[in-house]
Each structure stands twice: as C-alpha cells, then as structure tokens.
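> One file is attached below, work_39.cif, containing mmCIF, C-alpha atoms.
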data_my_file
loop_
_atom_site.label_atom_id
_atom_site.label_comp_id
_atom_site.auth_asym_id
_atom_site.auth_seq_id
_atom_site.Cartn_x
_atom_site.Cartn_y
_atom_site.Cartn_z
CA MET A 80 149.60 81.97 76.16
CA ARG A 81 151.47 84.84 74.54
CA ASP A 82 153.15 87.51 76.58
CA LYS A 83 151.75 91.02 76.25
CA PRO A 84 154.01 93.14 74.01
CA SER A 85 156.29 95.39 76.00
CA VAL A 86 156.25 99.14 75.61
CA LYS A 87 159.70 98.92 74.09
CA GLY A 88 158.48 96.37 71.56
CA TYR A 89 155.63 98.61 70.51
CA ALA A 90 158.01 101.54 70.16
CA GLU A 91 160.25 99.47 67.95
CA LEU A 92 157.32 98.53 65.72
CA MET A 93 156.01 102.09 65.48
CA PRO A 94 158.62 104.51 64.13
CA GLY A 95 158.64 107.84 65.89
CA THR A 96 157.05 106.48 69.06
CA ASP A 97 158.84 107.57 72.18
CA GLU A 98 160.10 104.74 74.30
CA THR A 99 159.03 106.43 77.51
CA LEU A 100 155.41 106.44 78.56
CA PRO A 101 153.82 109.87 79.00
CA GLU A 102 153.28 111.05 82.51
CA PRO A 103 149.91 109.81 83.77
CA ALA A 104 147.10 112.37 83.80
CA PRO A 105 146.51 113.89 87.23
CA VAL A 106 143.74 112.16 89.15
CA PRO A 107 140.61 114.33 89.15
CA GLU A 108 139.79 115.80 92.51
CA TYR A 109 136.24 115.56 93.78
CA SER A 110 134.77 116.35 97.16
CA GLU A 111 133.07 113.57 99.15
CA ASP A 112 129.72 114.64 97.72
CA GLY A 113 130.99 114.54 94.15
CA VAL A 114 131.71 118.20 93.46
CA ASP A 115 134.46 118.83 90.91
CA LEU A 116 137.00 120.87 92.88
CA SER A 117 139.17 121.64 89.85
CA LEU A 118 136.23 123.49 88.29
CA ILE A 119 135.74 125.56 91.44
CA ARG A 120 139.46 126.35 91.60
CA TRP A 121 139.37 127.44 87.99
CA THR A 122 136.40 129.79 88.49
CA LEU A 123 138.06 131.17 91.63
CA SER A 124 141.13 131.97 89.54
CA LEU A 125 139.00 134.30 87.38
CA THR A 126 138.01 137.86 88.23
CA PRO A 127 134.32 138.60 88.90
CA GLU A 128 134.18 140.31 85.50
CA GLU A 129 135.57 137.21 83.79
CA ARG A 130 133.11 134.96 85.68
CA LEU A 131 130.21 137.11 84.53
CA LYS A 132 131.45 137.21 80.94
CA PHE A 133 131.84 133.42 80.93
CA LEU A 134 128.27 133.03 82.20
CA ASP A 135 126.88 135.52 79.67
CA ASP A 136 128.73 133.72 76.86
CA ARG A 137 127.35 130.31 77.94
CA ILE A 138 123.80 131.70 78.05
CA ALA A 139 124.33 133.07 74.53
CA ASP A 140 125.58 129.64 73.41
CA ILE A 141 122.53 127.91 74.88
CA LEU A 142 120.15 130.39 73.25
CA THR A 143 121.93 129.90 69.91
CA LEU A 144 121.60 126.12 70.21
CA ARG A 145 117.93 126.45 71.12
CA ALA A 146 117.33 128.67 68.10
CA LEU A 147 119.08 126.16 65.85
CA ASN A 148 116.80 123.40 67.14
CA ALA A 149 113.62 125.47 67.04
CA ILE A 150 110.71 123.85 65.22
CA GLU A 151 108.92 126.21 62.86
CA MET B 32 115.22 143.36 70.02
CA ARG B 33 115.99 141.32 73.16
CA SER B 34 119.51 140.03 73.65
CA ASN B 35 120.74 138.43 76.82
CA SER B 36 123.36 140.26 78.86
CA LEU B 37 123.28 139.98 82.61
CA LEU B 38 126.18 142.44 82.69
CA ALA B 39 124.05 145.04 80.90
CA ILE B 40 121.27 144.61 83.47
CA LEU B 41 123.74 145.06 86.33
CA ARG B 42 125.22 148.16 84.69
CA THR B 43 121.79 149.74 84.30
CA LEU B 44 120.84 148.92 87.88
CA ALA B 45 124.10 150.30 89.27
CA ALA B 46 123.90 153.48 87.17
CA SER B 47 120.47 154.22 88.61
CA GLU B 48 121.88 154.43 92.15
CA ALA B 49 118.92 152.43 93.43
CA GLU B 50 119.64 150.62 96.70
CA PHE B 51 119.72 146.86 96.22
CA VAL B 52 121.60 143.68 97.10
CA LEU B 53 122.34 141.11 94.44
CA VAL B 54 121.21 137.66 95.62
CA GLY B 55 120.57 134.25 94.05
CA GLY B 56 122.59 132.32 91.51
CA LEU B 57 124.36 135.31 89.98
CA ALA B 58 125.64 136.39 93.40
CA ALA B 59 127.08 132.88 93.77
CA VAL B 60 128.63 132.92 90.29
CA LEU B 61 130.34 136.25 90.95
CA GLN B 62 131.90 134.69 94.06
CA GLY B 63 133.26 131.78 92.05
CA ALA B 64 130.54 129.12 92.14
CA PRO B 65 130.52 127.15 88.86
CA ILE B 66 126.74 127.02 88.51
CA GLN B 67 124.41 127.98 85.70
CA THR B 68 121.88 130.75 86.15
CA TYR B 69 119.83 132.78 83.72
CA ASP B 70 118.57 135.76 85.66
CA VAL B 71 119.46 138.65 87.92
CA ASP B 72 117.84 138.53 91.38
CA ILE B 73 117.89 141.57 93.61
CA VAL B 74 116.36 142.53 96.95
CA TYR B 75 115.67 146.25 96.87
CA ALA B 76 115.08 148.96 99.45
CA ARG B 77 111.45 149.89 99.55
CA ASN B 78 111.94 153.63 99.97
CA PRO B 79 110.34 156.11 97.52
CA LYS B 80 113.67 157.14 95.98
CA THR B 81 114.76 153.59 95.13
CA ILE B 82 111.30 152.63 93.92
CA ALA B 83 111.28 155.61 91.55
CA ARG B 84 114.81 154.80 90.34
CA LEU B 85 113.97 151.15 89.78
CA PHE B 86 110.83 152.12 87.92
CA ASP B 87 113.01 154.18 85.54
CA VAL B 88 115.39 151.22 85.17
CA LEU B 89 112.50 148.92 84.27
CA SER B 90 111.21 151.41 81.71
CA SER B 91 114.66 151.78 80.12
CA LEU B 92 115.04 147.99 79.97
CA ASP B 93 111.54 147.61 78.51
CA ALA B 94 110.61 145.21 81.32
CA ILE B 95 107.45 143.14 81.17
CA PHE B 96 106.07 140.44 83.45
CA ARG B 97 107.48 137.04 82.54
CA ILE B 98 104.15 135.34 83.05
CA GLN B 99 102.10 135.71 79.88
CA PRO B 100 104.81 137.66 78.00
CA GLU B 101 102.52 137.88 74.97
CA ARG B 102 100.38 140.36 76.92
CA LYS B 103 103.40 142.64 77.42
CA LEU B 104 102.28 143.77 80.87
CA HIS B 105 104.60 146.47 82.22
CA PRO B 106 105.21 146.77 85.98
CA ALA B 107 103.88 149.87 87.70
CA ILE B 108 105.25 151.83 90.65
CA SER B 109 102.52 150.26 92.82
CA HIS B 110 103.92 146.80 92.02
CA LEU B 111 107.35 147.87 93.25
CA ALA B 112 105.90 149.48 96.38
CA GLY B 113 104.00 146.28 97.13
CA GLY B 114 107.21 144.46 97.94
CA GLY B 115 106.32 141.10 96.48
CA HIS B 116 108.30 139.14 93.91
CA LEU B 117 108.30 140.65 90.43
CA ASN B 118 109.51 138.15 87.84
CA LEU B 119 110.30 140.23 84.80
CA LEU B 120 111.74 139.88 81.36
CA THR B 121 113.86 142.79 80.10
CA ARG B 122 115.52 143.52 76.78
CA ASN B 123 118.71 142.06 78.33
CA GLY B 124 117.21 138.98 79.95
CA PRO B 125 115.27 137.95 83.06
CA LEU B 126 115.30 140.17 86.14
CA ASP B 127 113.63 139.32 89.46
CA LEU B 128 112.91 142.11 91.91
CA LEU B 129 112.31 140.86 95.43
CA GLY B 130 110.90 142.90 98.31
CA THR B 131 112.12 140.28 100.77
CA ILE B 132 114.02 137.01 100.71
CA GLY B 133 114.05 133.90 102.91
CA ASN B 134 112.17 134.31 106.12
CA GLY B 135 111.07 137.88 105.40
CA LEU B 136 114.52 139.49 105.21
CA HIS B 137 114.49 143.01 103.77
CA TYR B 138 117.24 144.95 102.00
CA GLU B 139 118.29 146.51 105.30
CA ASP B 140 118.56 143.08 106.96
CA LEU B 141 120.86 141.82 104.20
CA LEU B 142 123.35 144.69 104.23
CA SER B 143 125.43 143.24 107.06
CA TYR B 144 125.68 139.93 105.14
CA SER B 145 126.83 141.54 101.92
CA SER B 146 129.80 143.41 100.58
CA GLU B 147 130.64 145.67 97.67
CA MET B 148 132.16 143.90 94.72
CA TYR B 149 133.86 145.47 91.74
CA ILE B 150 133.04 143.94 88.37
CA GLY B 151 135.71 145.38 86.14
CA GLU B 152 136.98 148.78 87.13
CA SER B 153 133.85 150.86 87.14
CA LEU B 154 130.92 148.66 88.10
CA LYS B 155 130.31 148.31 91.83
CA ILE B 156 127.57 146.03 93.14
CA GLN B 157 126.42 145.10 96.65
CA VAL B 158 126.48 141.28 96.71
CA LEU B 159 125.08 138.89 99.32
CA ASN B 160 127.90 136.75 100.66
CA LEU B 161 128.12 133.01 100.07
CA GLU B 162 127.64 132.10 103.74
CA LYS B 163 124.25 133.82 103.84
CA LEU B 164 123.25 132.48 100.42
CA ILE B 165 123.95 128.95 101.65
CA GLN B 166 122.03 129.54 104.86
CA LEU B 167 119.01 130.90 102.97
CA LYS B 168 119.00 127.96 100.58
CA GLU B 169 119.25 125.54 103.50
CA GLU B 170 116.26 127.22 105.12
CA LEU B 171 114.23 127.17 101.91
CA GLY B 172 114.99 123.49 101.42
CA GLY B 173 113.41 123.29 97.97
CA GLU B 174 114.72 120.76 95.44
CA LYS B 175 116.36 123.43 93.29
CA ASP B 176 118.00 125.03 96.32
CA THR B 177 119.17 121.74 97.82
CA ALA B 178 120.66 120.55 94.53
CA VAL B 179 123.08 123.44 94.31
CA LEU B 180 124.13 123.41 97.97
CA PRO B 181 127.12 121.00 97.65
CA VAL B 182 128.70 123.24 94.99
CA LEU B 183 128.11 126.38 97.05
CA ARG B 184 129.57 124.82 100.19
CA GLN B 185 132.67 123.60 98.37
CA THR B 186 133.09 127.00 96.68
CA LEU B 187 132.99 128.67 100.09
CA GLN B 188 135.62 126.26 101.45
CA GLU B 189 137.87 126.65 98.42
CA SER B 190 137.53 130.42 98.37
CA LYS B 191 138.65 130.56 102.00
CA LYS B 192 141.76 128.54 101.08
CA HIS B 193 142.23 130.74 98.01
CA ARG B 194 142.12 133.89 100.18
CA ASP B 195 144.48 132.42 102.77
CA ARG B 196 147.06 131.48 100.12
CA PRO B 197 150.15 133.69 100.43
CA THR B 198 150.76 135.91 97.43
CA SER B 199 154.25 135.94 95.99
#
Kindly present the structure from the file in structure tokens form.

Amino acid sequence: MRDKPSVKGYAELMPGTDETLPEPAPVPEYSEDGVDLSLIRWTLSLTPEERLKFLDDRIADILTLRALNAIE
Amino acid sequence: MRSNSLLAILRTLAASEAEFVLVGGLAAVLQGAPIQTYDVDIVYARNPKTIARLFDVLSSLDAIFRIQPERKLHPAISHLAGGGHLNLLTRNGPLDLLGTIGNGLHYEDLLSYSSEMYIGESLKIQVLNLEKLIQLKEELGGEKDTAVLPVLRQTLQESKKHRDRPTS
C-alpha cells in the first residue's frame, strides 16, 4: 500500500504552492436548535436602516426572479 | 405602478402622525432578526384622529384589499373604525392594519412593550419589542409563528450580549 503524499511533496510537485497549509476555516456556530448565530450577529452589527434596506433589496431580488420565471 | 418598498410605507405612516405600533416580522427584522417578511403590520389607535390620518395614508398609497385585488376595493373609514384586520396592498407593497393583536391587545396595551426606534436620522417608529413579539407568537402557536420562534429567541439572547458588550 502506498503512503499518502505529504503536503510538502505536493508543494514540490506544484510550483507556487505554499508549503504551509492555510488556517482552517472557523467552525460555524449554531444554537442547540440549529439557528445560525453568525447570521444573527451580522444582522445585529447593522443599523436598523441597513437591516430594512437589506430586506427591501432581497424582496426586490425575489420579485425580479419571479418576473423572470413568469409564464406568459 | 406598484414597486415594493417597506421603507416608503413606514415613511408615509410616520409622516401622517397616526398613532401606531409596528408589530410582526418587520418589527423583528428591525431588531436584528434574520428572517424574511414581505409586509408591514401595525396595530393602530382607534381614535378619530388616527383613523382619519390612516385613511389619508391609505388613499395616498392607493391601498386596496389584498383579497380579490382585481376588484380594486378601497378601504373606507368604517373599515378602519371597525378594528378588525385589514390586509391591504399598497403601491409600495403589502400593509396590514390591525385593530388588536394576540389575545385582544389594543394599541394602548402595546405601548409599554414597545419603544421608539430611529431608522436613519429622521424616521422614528414605535416598535414592539422582541420579548413581547416572542410571547405573542408563543401564545398564537400557529405553524408559521412557531417556525420562526427559535430565530427570534436567539436574536433576543444575542442582542442582550451585543448591548452588554463594552464599547471601546
């Protein structure tokens, strides 16, 4: 059975590849009932005006998509 | 021409100086809940002044009843005085006017559970707080209300932490 190639080996084969692995992505944070806490923290970081604008923009996006898919 | 803007509806309502409390999904969104909603829900004071002001608002927004929109039925003052639920469609999107909410709570009952919120620098709206919104949805217990409860509860918890965080 062959050994798995090491990270260093891969870096040697692929020019320009950094020898060090990137930092792992942060683990997503969910509440016990499955709510995405990072999303809540993001919306809390916005002002009420920004929250409302974001909502209005998403509604506009949905209406645009609906119009694009409308059957004549 | 109808184009959706919940902000435009709120601006028109606020400019009228009618007495109302913003409730429902939009109240939750303004307090940081990442949920989707499509309408403006308000509970209004059923005094003659507010009813007259809201009637003017509805006229300026070209409001019609959402049920059977093809008939273009416009609400009358008597509908507003009746205090029921008016589900309307305006030039800027859906608007629901509620005489009461939950277990028969009127505008006056909701004032102590609400606070003024600035949206931008000039727009000031009375908004029902998250604690009361959660309580009302728990009492209603409908599928739609129950589904959104975990997000509202977590938003309330996170917003408390957010408020308690020291500012540098």
> For the atom pair atom CA of B:Pro65 and atom CA of B:Val179, what is the interatomic distance in Å to one decimal place?
9.9 Å
> With the PyMOL selection byres ((chain B) within 12 of (chain A)) as the selection, what would be picked from this file? Answer as a ChimeraX atom specification, please.
/B:33-42,56-71,123-125,147-156,158,178-194
> For B:Gly133, please output as a PDB file with C-alpha atoms, keeping the file's coordinate frame all residues within 8 Å (counting all atoms listed in the file; exclusion window: fewer than 4 positions along the same chain).

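Result file out.pdb:
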ATOM      1  CA  LEU B 167     119.010 130.900 102.970  1.00  0.00           C
ATOM      2  CA  GLU B 170     116.260 127.220 105.120  1.00  0.00           C
ATOM      3  CA  LEU B 171     114.230 127.170 101.910  1.00  0.00           C
TER       4      LEU B 171
END
> Give me, please, the distance in Å between atom CA of B:His105 and atom CA of B:Leu85, quoted to one decimal.
12.9 Å
> Find the distance between atom CA of B:Ile98 and atom CA of B:Ala46 and write it in Å to one decimal.
27.1 Å
> Can you list, as a count of residues only, the residues that the PyMOL selection byres ((chain B and resi 135) around 12) selects here?
19
